[in-house]
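Pasted below: final.cif, mmCIF, C-alpha atoms.
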```cif
data_input
#
loop_
_atom_site.label_atom_id
_atom_site.label_comp_id
_atom_site.auth_asym_id
_atom_site.auth_seq_id
_atom_site.Cartn_x
_atom_site.Cartn_y
_atom_site.Cartn_z
CA MET A 182 -42.04 20.12 155.66
CA LYS A 183 -41.89 18.27 158.99
CA LYS A 184 -38.81 16.50 160.30
CA ASP A 185 -38.49 13.98 163.15
CA GLU A 186 -35.88 14.11 165.89
CA ASN A 187 -33.35 12.44 163.58
CA GLY A 188 -33.84 15.06 160.85
CA LYS A 189 -35.78 12.84 158.44
CA ILE A 190 -38.68 14.27 156.45
CA THR A 191 -41.99 12.83 157.64
CA GLY A 192 -44.44 14.85 155.62
CA SER A 193 -45.26 18.28 154.37
CA GLU A 194 -47.43 21.07 155.52
CA PRO A 195 -50.06 22.64 153.22
CA VAL A 196 -48.85 25.73 151.50
CA ASP A 197 -50.70 28.90 152.19
CA GLU A 198 -51.11 30.62 148.82
CA ARG A 199 -51.23 33.92 150.63
CA THR A 200 -47.62 33.51 151.70
CA ILE A 201 -46.35 33.24 148.11
CA SER A 202 -44.59 36.40 147.00
CA PRO A 203 -45.76 38.15 143.81
CA GLU A 204 -42.44 37.31 142.17
CA MET A 205 -43.15 33.59 142.68
CA SER A 206 -46.72 33.73 141.42
CA LEU A 207 -45.60 33.05 137.79
CA ILE A 208 -43.36 30.28 136.46
CA SER A 209 -40.32 31.70 134.72
CA ILE A 210 -39.59 30.02 131.34
CA PRO A 211 -36.35 30.85 129.52
CA ASP A 212 -36.93 32.61 126.21
CA ARG A 213 -35.84 29.96 123.73
CA GLY A 214 -37.77 31.35 120.79
CA VAL A 215 -36.35 33.31 117.87
CA SER A 216 -37.06 36.73 116.51
CA ILE A 217 -39.44 36.64 113.56
CA GLU A 218 -37.75 39.70 112.13
CA LYS A 219 -34.38 37.97 112.37
CA GLU A 220 -35.72 34.86 110.62
CA ILE A 221 -37.27 36.93 107.82
CA ALA A 222 -34.00 38.80 107.35
CA GLU A 223 -32.16 35.48 107.13
CA ILE A 224 -34.62 34.16 104.53
CA GLU A 225 -34.21 37.34 102.48
CA LYS A 226 -30.42 36.90 102.60
CA ASN A 227 -30.81 33.30 101.37
CA ILE A 228 -33.04 34.41 98.49
CA GLU A 229 -30.50 37.04 97.48
CA PHE A 230 -27.68 34.47 97.67
CA PHE A 231 -29.44 31.88 95.50
CA ASN A 232 -30.44 34.50 92.95
CA ARG A 233 -26.77 35.46 92.68
CA VAL A 234 -25.82 31.78 92.32
CA LYS A 235 -28.36 31.41 89.52
CA ILE A 236 -26.97 34.36 87.57
CA VAL A 237 -23.37 33.14 88.04
CA ALA A 238 -24.39 29.67 86.81
CA LEU A 239 -26.20 31.11 83.78
CA LYS A 240 -23.14 33.17 82.87
CA MET A 241 -21.25 29.88 82.53
CA THR A 242 -23.55 28.80 79.70
CA LYS A 243 -23.51 29.87 76.05
CA ILE A 244 -26.23 30.70 73.56
CA SER A 245 -25.69 27.30 71.92
CA ASP A 246 -26.43 25.58 75.26
CA TRP A 247 -30.04 26.77 75.13
CA ILE A 248 -33.06 26.20 72.93
CA ASP A 249 -36.41 27.95 72.88
CA GLN A 250 -38.72 25.04 73.53
CA GLY A 251 -42.30 26.09 73.04
CA GLY A 252 -41.68 29.60 74.33
CA SER A 253 -39.53 28.64 77.33
CA PRO A 254 -35.74 28.40 77.58
CA TYR A 255 -34.41 24.86 77.96
CA LEU A 256 -30.82 24.12 79.01
CA MET A 257 -29.28 21.31 76.95
CA ASP A 258 -27.35 18.48 78.58
CA ARG A 259 -23.93 19.81 77.54
CA GLY A 260 -24.55 23.19 79.17
CA ALA A 261 -25.91 21.60 82.37
CA GLU A 262 -22.89 19.32 82.66
CA ASN A 263 -20.45 22.21 82.25
CA VAL A 264 -22.17 24.10 85.07
CA ALA A 265 -22.19 20.94 87.19
CA ILE A 266 -18.40 20.62 86.85
CA ALA A 267 -17.90 24.25 87.94
CA PHE A 268 -20.03 23.76 91.07
CA GLY A 269 -18.52 20.38 91.92
CA VAL A 270 -21.75 18.43 91.52
CA ASP A 271 -21.41 14.78 92.50
CA ILE A 272 -24.21 12.42 91.43
CA SER A 273 -24.51 9.13 93.25
CA ASP A 274 -26.73 6.18 94.15
CA VAL A 275 -28.31 6.04 90.71
CA GLN A 276 -30.86 3.25 90.47
CA LEU A 277 -33.27 2.18 87.76
CA ARG A 278 -36.53 0.30 88.00
CA MET A 279 -39.33 -0.58 85.61
CA GLU A 280 -43.03 -0.29 86.42
CA TRP A 281 -46.04 -1.52 84.48
CA ALA A 282 -49.36 0.26 84.08
CA GLU A 283 -52.45 -0.13 81.93
CA ASP A 284 -54.78 2.26 80.15
CA GLY A 285 -57.33 2.10 77.35
CA ARG A 286 -54.60 1.18 74.86
CA GLY A 287 -53.35 -1.72 76.96
CA ARG A 288 -50.27 -2.39 79.11
CA TYR A 289 -47.15 -0.25 78.90
CA TYR A 290 -43.95 0.16 80.90
CA THR A 291 -42.17 3.12 82.45
CA PHE A 292 -38.55 3.33 83.56
CA ILE A 293 -37.91 5.37 86.69
CA ALA A 294 -34.35 6.43 87.50
CA SER A 295 -33.63 7.78 90.98
CA GLY A 296 -30.49 9.32 92.41
CA LYS A 297 -28.83 11.96 94.58
CA ALA A 298 -26.75 15.03 93.86
CA TYR A 299 -24.45 17.06 96.09
CA ALA A 300 -22.99 20.42 95.05
CA LYS A 301 -19.68 20.85 96.89
CA LYS A 302 -19.43 24.58 96.20
CA LEU A 303 -22.91 25.19 97.61
CA ALA A 304 -22.96 22.46 100.28
CA ARG A 305 -26.39 21.56 98.91
CA TYR A 306 -27.97 18.13 98.55
CA VAL A 307 -31.05 16.97 96.61
CA GLU A 308 -32.76 13.76 95.53
CA ASP A 309 -34.95 13.34 92.46
CA ILE A 310 -36.22 10.96 89.79
CA GLY A 311 -36.16 10.88 86.00
CA VAL A 312 -38.91 9.14 84.07
CA CYS A 313 -39.44 7.87 80.55
CA SER A 314 -42.34 5.74 79.36
CA GLN A 315 -42.96 3.40 76.47
CA ARG A 316 -45.59 6.00 75.58
CA ASP A 317 -42.89 8.65 75.17
CA ARG A 318 -43.92 10.78 72.20
CA PHE A 319 -40.46 10.74 70.65
CA PHE A 320 -39.60 7.05 70.96
CA GLY A 321 -43.04 5.49 71.23
CA MET A 322 -45.05 7.17 68.46
CA LEU A 323 -44.98 7.12 64.70
CA GLY A 324 -47.46 8.73 62.35
CA GLY A 325 -49.51 10.02 65.28
CA LYS A 326 -50.05 6.50 66.64
CA PHE A 327 -48.40 4.65 69.50
CA LYS A 328 -46.14 1.79 68.49
CA GLU A 329 -46.71 -1.76 69.67
CA ILE A 330 -44.56 -2.78 72.62
CA ASP A 331 -42.22 -4.90 70.50
CA GLN A 332 -41.63 -1.96 68.13
CA VAL A 333 -40.24 0.32 70.86
CA ASP A 334 -36.52 0.08 71.60
CA MET A 335 -36.45 -0.48 75.39
CA ALA A 336 -32.80 0.62 75.63
CA ASN A 337 -33.77 4.10 74.42
CA ILE A 338 -36.43 4.40 77.12
CA ARG A 339 -33.96 3.30 79.80
CA ARG A 340 -31.29 5.75 78.68
CA LYS A 341 -33.74 8.63 78.39
CA ALA A 342 -34.97 8.04 81.97
CA VAL A 343 -31.38 8.22 83.28
CA THR A 344 -30.60 11.28 81.12
CA ASN A 345 -33.71 13.00 82.48
CA LEU A 346 -32.59 12.16 86.04
CA TYR A 347 -29.13 13.69 85.56
CA SER A 348 -30.59 16.82 84.01
CA ARG A 349 -33.09 17.32 86.84
CA LEU A 350 -30.51 16.66 89.57
CA ILE A 351 -28.01 19.14 88.16
CA LYS A 352 -30.57 21.88 87.63
CA ARG A 353 -32.21 21.39 91.03
CA VAL A 354 -29.05 21.27 93.13
CA ILE A 355 -27.72 24.46 91.50
CA GLY A 356 -31.09 26.22 91.34
CA LEU A 357 -31.70 26.30 87.59
CA MET A 358 -35.24 24.97 87.53
CA GLY A 359 -37.77 27.30 85.96
CA VAL A 360 -35.25 29.62 84.32
CA THR A 361 -36.92 32.41 82.33
CA PHE A 362 -35.78 34.55 79.41
CA ASP A 363 -35.56 37.46 81.86
CA ASP A 364 -33.05 35.45 83.90
CA LEU A 365 -30.97 34.90 80.78
CA LYS A 366 -31.10 38.61 79.99
CA LEU A 367 -29.85 39.41 83.50
CA ALA A 368 -26.94 37.06 82.80
CA GLY A 369 -26.10 39.18 79.74
CA MET A 370 -27.41 36.79 77.11
CA ASP A 371 -28.96 37.92 73.80
CA VAL A 372 -32.06 35.72 73.90
CA SER A 373 -32.99 36.63 70.32
CA LYS A 374 -30.13 34.39 69.16
CA ILE A 375 -31.46 31.27 70.90
CA GLN A 376 -32.50 28.55 68.48
CA LYS A 377 -36.23 27.88 68.43
CA VAL A 378 -37.62 24.35 68.27
CA GLU A 379 -41.10 24.10 66.82
CA TYR A 380 -42.90 20.87 67.66
CA LYS A 381 -45.91 21.29 65.46
CA GLY A 382 -45.26 20.07 61.98
CA GLY A 383 -46.78 21.59 58.90
CA ALA A 384 -46.06 22.11 55.24
CA GLN A 385 -44.04 25.17 54.41
CA LYS A 386 -45.49 27.70 52.03
CA GLY A 387 -45.04 26.40 48.52
CA ALA A 388 -43.77 23.02 49.71
CA GLU A 389 -45.28 19.74 48.60
CA PRO A 390 -47.70 18.43 51.27
CA MET A 391 -46.39 15.41 53.16
CA SER A 392 -48.17 12.31 54.42
CA GLY A 393 -48.89 11.98 58.13
CA GLY A 394 -45.97 9.61 58.65
CA ALA A 395 -43.52 11.91 56.86
CA ALA A 396 -44.75 14.95 58.80
CA GLU A 397 -44.19 13.03 62.03
CA ALA A 398 -40.72 11.97 60.86
CA LYS A 399 -39.90 15.57 59.97
CA GLU A 400 -40.86 16.76 63.43
CA LYS A 401 -38.70 14.10 65.05
CA LEU A 402 -35.84 14.81 62.67
CA ILE A 403 -35.85 18.46 63.75
CA GLN A 404 -35.78 17.43 67.41
CA MET A 405 -32.92 14.97 66.92
CA LEU A 406 -30.78 17.42 64.97
CA ASN A 407 -31.31 20.08 67.64
CA MET A 408 -30.37 17.69 70.42
CA MET A 409 -27.32 16.38 68.56
CA ALA A 410 -26.12 19.91 67.76
CA ASN A 411 -27.09 21.43 71.13
CA GLY A 412 -29.28 23.97 69.34
CA ASP A 413 -26.44 25.51 67.32
CA LYS A 414 -27.86 26.61 63.94
CA GLU A 415 -24.64 26.17 62.02
CA ALA A 416 -24.02 22.74 63.54
CA ILE A 417 -27.58 21.69 62.67
CA ALA A 418 -27.07 22.73 59.04
CA ASN A 419 -23.76 20.84 58.93
CA LEU A 420 -25.37 17.68 60.28
CA LEU A 421 -28.23 17.93 57.80
CA GLU A 422 -25.75 18.39 54.97
CA LYS A 423 -23.82 15.33 56.11
CA PHE A 424 -26.82 13.00 56.47
CA SER A 425 -28.60 14.21 53.32
CA SER A 426 -25.60 13.73 51.03
CA TRP A 427 -25.88 11.27 48.16
CA ASN A 428 -24.32 10.84 44.73
CA GLU A 429 -26.01 10.30 41.42
CA ILE A 430 -24.85 7.14 39.69
CA GLU A 431 -23.82 7.61 36.07
CA THR A 432 -23.62 4.78 33.55
CA LEU A 433 -20.68 5.02 31.18
CA PRO A 434 -20.85 3.93 27.49
CA ASP A 435 -19.04 0.69 28.35
CA GLY A 436 -21.67 -0.12 30.96
CA GLN A 437 -19.57 0.73 33.98
CA LYS A 438 -21.02 2.96 36.69
CA LYS A 439 -19.44 5.86 38.49
CA LYS A 440 -20.42 8.44 41.05
CA GLY A 441 -21.95 11.54 39.57
CA LYS A 442 -23.25 14.78 40.98
CA LEU A 443 -23.31 15.12 44.78
CA HIS A 444 -26.62 16.22 46.31
CA SER A 445 -27.17 17.60 49.82
CA VAL A 446 -29.20 20.25 51.63
CA ARG A 447 -28.69 22.52 54.63
CA ASP A 448 -32.37 23.48 54.91
CA ILE A 449 -34.84 20.77 55.94
CA SER A 450 -37.65 22.42 53.97
CA LYS A 451 -35.85 21.50 50.73
CA LEU A 452 -36.17 17.75 51.35
CA SER A 453 -38.75 15.82 49.36
CA GLU A 454 -40.80 13.26 51.30
CA LYS A 455 -38.74 10.31 50.04
CA TRP A 456 -35.46 12.09 50.71
CA LEU A 457 -36.62 13.18 54.17
CA MET A 458 -37.49 9.61 55.15
CA SER A 459 -34.03 8.47 54.06
CA VAL A 460 -32.34 11.22 56.08
CA TYR A 461 -34.57 10.49 59.05
CA GLY A 462 -33.48 6.85 59.08
CA LYS A 463 -29.77 7.78 59.03
CA VAL A 464 -30.10 10.43 61.75
CA LYS A 465 -32.22 8.16 63.93
CA ALA A 466 -29.62 5.39 63.77
CA GLU A 467 -26.89 7.82 64.84
CA TYR A 468 -29.03 9.49 67.48
CA GLU A 469 -30.07 6.26 69.15
CA LYS A 470 -26.44 5.42 69.88
CA THR A 471 -26.52 8.11 72.52
CA ALA A 472 -30.29 8.59 73.07
CA ALA A 473 -30.14 12.38 73.38
CA GLY A 474 -27.03 12.31 75.53
CA PRO A 475 -24.19 10.15 76.77
CA GLU A 476 -25.42 6.85 78.17
CA ARG A 477 -24.94 6.69 81.89
CA GLU A 478 -24.71 3.47 83.79
CA ALA A 479 -27.35 2.93 86.44
CA GLY A 480 -26.09 1.53 89.70
CA GLN A 481 -28.85 -1.03 90.05
CA GLU A 482 -31.89 -2.30 88.26
CA GLY A 483 -34.99 -3.53 89.94
#
```
Take the structure from the file and write it as structure tokens.
Amino acid sequence: MKKDENGKITGSEPVDERTISPEMSLISIPDRGVSIEKEIAEIEKNIEFFNRVKIVALKMTKISDWIDQGGSPYLMDRGAENVAIAFGVDISDVQLRMEWAEDGRGRYYTFIASGKAYAKKLARYVEDIGVCSQRDRFFGMLGGKFKEIDQVDMANIRRKAVTNLYSRLIKRVIGLMGVTFDDLKLAGMDVSKIQKVEYKGGAQKGAEPMSGGAAEAKEKLIQMLNMMANGDKEAIANLLEKFSSWNEIETLPDGQKKKGKLHSVRDISKLSEKWLMSVYGKVKAEYEKTAAGPEREAGQEG
């Protein structure tokens, strides 16, 4: 650079590349990258940690908290909520909205619940949605056919969407999505004792064939009893005994009537079609008070 007599810069001279030292021929950039090996090791540590968390969480559940749903283990609401308490899961910002769609059968609605979950013990945060449609197989079908819109109880669809949201949030924030029977075995559980839920109806050997509507009702009755009893076989039998109970009415010589023999069953296969439909109606009325789980208030509707 050139300077005048007062020391001010007036210009610059061209640089002769030949005068640049070899050390200055390359620009030095600080190494701000990370070691791939170190990152992989960290990921492996995280995988090991979350696998341990999963096993610890599964050990907090009981056989009666699970059902074998079509060949896969499914954690019932009660079991998920117990694990959520242990891990300090806080669910917030629950909102509910309804959307309309249309298909070949016409218009139908879907409730979508959204929310957030934070597990204090894991310092982990997730967001998710829970969905239930008017076309839900359990609430929206009867006799293999979809009900008309005015025949579907909208409150059940709303509650089921929120219940689905809570279940997904709890399982995701703790890491219990996609649990397998092998996972349950690692947690020390005897998977052979898990109650199976069969969704395909059919007449039992030697049983009187049922109409399509009764077969559908039987399938739903099985589902409701399992949900209400959290898959516990003894509890299911007790519920069936309770809801199937009825007394014969005897007529005395003076014309008065009194209660006679008490009838009840603990095995659903022993119900006649007429009796089954009566039991189904009673169980459905009780079940719909909670819609497969405690009703949870949504923070906002839209």
- [ ] Quote the spacing between atom CA of Glu467 of chain A and atom CA of Lys401 of chain A in Å to one decimal place.
- [x] 13.4 Å
Open item on the list: Please list as JSON, numbers by chain every residue within 9 Å of segment 270-281 of chain A, counting only C-alpha atoms and excluding residues in the same chain fewer than 6 positions away.
Closed with: {"A": [262, 264, 288, 289, 290, 291, 292, 293, 294, 295, 296, 297, 298, 299, 300, 301, 302, 339, 342, 343, 346, 347, 350, 351, 354, 355, 478, 479, 480, 481, 482, 483]}
Open item on the list: Evaluate the PyMOL selection byres ((chain A and resi 374) around 10) against this structure - the residues, as a ChimeraX atom specification, please.
Closed with: /A:244-245,247-249,370-373,375-377,413-414
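Across A:Arg286, A:Lys399, A:Lys366, A:Lys463, the tightest approach to Ile236 of chain A is made by A:Lys366 when counting only C-alpha atoms.
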Using all atoms listed in the file, what table do you get, as a tab-separated table, when you list each residue of segment 444-469 of chain A with an atom no more than 12 Å from segment 316-337 of chain A, its nearest pair of atoms, and their distance in Å rounded to one decimal, rows by chain then rising number?
```
residue	atom	partner	partner_atom	distance
A:Lys465	CA	A:Phe320	CA	10.3
A:Ala466	CA	A:Asn337	CA	11.5
A:Tyr468	CA	A:Asn337	CA	10.0
A:Glu469	CA	A:Asn337	CA	6.8
```
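Close contacts of segment 439-448 of chain A, defined as residues with an atom at most 7 Å away when counting all atoms listed in the file, with chain neighbours fewer than 6 positions off set aside, comprise Ala418, Asn419, Leu421, Glu422, Ser425, Ser426, Trp427, Asn428, Glu429, Ile430, Glu431 and Thr432 of chain A.
Of the listed residues (A:Leu367, A:Leu256, A:Ile417, A:Ala282), A:Leu367 comes nearest to Val237 of chain A; the distances count only C-alpha atoms.
Between Gly252 of chain A and the candidates A:Thr344, A:Ser459, A:Thr361, A:Gln315, the tightest atom-to-atom separation, counting all atoms listed in the file, involves A:Thr361.
Going from atom CA of Gly269 of chain A to atom CA of Asn345 of chain A covers 19.3 Å.
In this comparison, which uses all atoms listed in the file, the residue of A:Leu357, A:Ile310, A:Ile266, A:Leu402 approaching Asn232 of chain A most closely is A:Leu357.
Across the model, the gap from atom CA of Ile338 of chain A to atom CA of Gly287 of chain A is 18.0 Å.
The smallest atom-to-atom distance between Ala261 of chain A and any of A:Ser216, A:Thr242, A:Ser450, A:Ser314, using only C-alpha atoms, is found for A:Thr242.
Here the question is which of A:Trp456, A:Val464, A:Asp435, A:Lys451 gets nearest to Ile403 of chain A using all atoms listed in the file, and that residue is A:Val464.
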